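Please read the structure below before turning to the comments.
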Amino acid sequence: MSHSNAGEVAPQFPSLPLEIVEEVATHASDKQTCIAASTVNQTWLSAFTPRLFAYVVLGKHFMKPPSTPFSSDNERLLSCVTTVKVHGIYTALANEKLLAVLNILPRLESLELRDVGFGWDRATLQSTKLLRQVLEKESLKRLSVEFSADHFSGFPLVLVPFCRQILSLSLEDTTVLYPLFVERQDAFSALTRNLKSLSCSQLIPMALRSLRLSGNGLISRFAHFHSQHLEQLTLNSVERLELDYIDSRTGTPSRAVGELLRTFGSSVQVLSISVCRPGDPQGGHPLNTVDLQNLHQLRTLELTLTMVDREADSDLSVFTRTWACHILEALSMKESITKIAITCQMNSQCVSSGYFSSSLNLVYPVLDFALGHQAGFLGLKECRIVFKLGGRAVCMTPAGSPDDRGGIDEEPLENKFPSIQQRRISFDAVSILENLQNSGA
């Protein structure tokens, strides 16, 4: 009960025990909620402070750390930081001041680097030492790097063997003009020289469990680097492997993917492959059957096929038959596979939903035959097929919904797959229409 008389202080109501408030804090889903909750009283402030400072973004206006020693309060806040995102600091991996800050975070678990990978010619012996210390932090378990391998930049793979404590590694090459860009080793000569000057730490097996590689050039370079450094780059414990590339007539991306699968596919339990064929549905090369034979522990298979441009209604079905169904046929006898997810999508903005529907009518029987065969995938328990068209804001079209976008009929999509439905598995099919401008055929 509060008092209105001047000079009187409102009584302090008893607070919930700290343990209960900390449990409440674990369910806070956004920063504004944490800010509001932290103003209740000291107990709530103590419980929500770690949530407020768990995620930190360092951008172009990053300031150098103070030269004076940190106070005990600052040290407590630093111990709250578990995830750091570095965005737009192009020379971040050669920046001594930034690397020094990352090294004083005792509980850093996840590091996200975006638009970095420049300035390797500025790498000093001290910056290289600090970078190695960051990568070798015992607390660091997730590393994600997005870069462009153009203009003597990128993420030098010579750093990967130092990521021995990391459980999840994601590398994405966003190079657009040069998808088959060959890494110029002289761009990293200063870094390589510095690494050789530093004393080598004892080699221990890599703890990596999840690996994601996106970009043709990156996948090819990684496969080559791995073949040249088998003793340093032990990848025998990778359980989840994600590969994203543009398929081409040269066959280079598929050969590199096949090499990776043959080399360390025996430990992979989840395989996710995303392939784009721009314009030509027959313009690429499928994976060889021998590339897939080493997937002894595979449980989940995720395939995503993307057409950017199209010439005929049959393009998507040709792509599905020559690429996805080839993989499905090669793996059909593996009883370890319990889940399959397939996504077929068109990203061209000029495709109408009517054209999309006519394309899908050719795809349905292809997938139904590949997945509905009773003698294949005997361990299969769950199957999901998704068809996507268009741009950004996702709009789900559930089975049996009214045909208000043109071209998509009212029949439940599951009915398009009678053979799959006869199997005693969990199965659903979904159409996703995104930001369509024209619904006419």
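Identifiers in this document derive from the order of the structure tokens: chains are assigned A, B, ..., residues are numbered from 1 separately in each chain, and ligands are numbered from 1 in order of occurrence.
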
Exercise. Pick out each residue of range 103-139 of chain A that DSSP on the backbone tags as strand (DSSP E or B); I need them as a PyMOL selection string.
Key: chain A and resi 110-116

Self-check item: Exercise: Ser46 in chain A partners within 12 Å, only C-alpha atoms, chain neighbours under 6 positions left out, as a PyMOL selection string
Solution: chain A and resi 17-19+21-22+25+34-35+37-40+52-53+73+76-77+80

Once you count only C-alpha atoms, what closest atom pair and distance in Å to one decimal does each residue of range 265-364 of chain A within 10 Å of range 208-219 of chain A have, with rows by chain and rising residue number, as a Markdown table?
| residue | atom | partner | partner_atom | distance |
| --- | --- | --- | --- | --- |
| A:Ser267 | CA | A:Arg209 | CA | 9.3 |
| A:Val268 | CA | A:Arg209 | CA | 8.9 |
| A:Val270 | CA | A:Ser210 | CA | 9.2 |
| A:Ser272 | CA | A:Arg212 | CA | 9.1 |
| A:Ile273 | CA | A:Arg212 | CA | 9.9 |
| A:Ser274 | CA | A:Ser214 | CA | 9.0 |

Exercise. Would you work out the distance separating CA of Glu242 in chain A from CA of Leu367 in chain A, expressed in Å to one decimal?
Key: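 Distance between the two atoms: 22.0 Å.
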
Practice problem: Excluding Pro253 in chain A and residues on its chain fewer than 6 positions from it, collect all residues at most 10 Å away from it, counting only C-alpha atoms, and give them as a VMD selection string. | Solution: chain A and resid 179 to 180 215 to 220 244 to 247 259 275 284 to 287

Exercise. Considering only C-alpha atoms, return as a PyMOL selection string whatever protein or nucleic-acid residues lie within 12 Å of Lys60 in chain A, sequence-local ones (same chain, fewer than 4 positions apart) excluded.
Key: chain A and resi 64+85-92+98+114-116

Quiz item: Per DSSP on the backbone, what are the helix (DSSP H, G or I) residues of range 195-328 of chain A, as a PyMOL selection string?
Solution: chain A and resi 195-197+216-228+252-267+289-292+315-328

Quiz item: Could you work out how far CA of Asp368 in chain A lies from CA of Asp291 in chain A, giving the answer in Å with one decimal?
Solution: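 Result for CA of Asp291 in chain A versus CA of Asp368 in chain A: 24.4 Å, one decimal.
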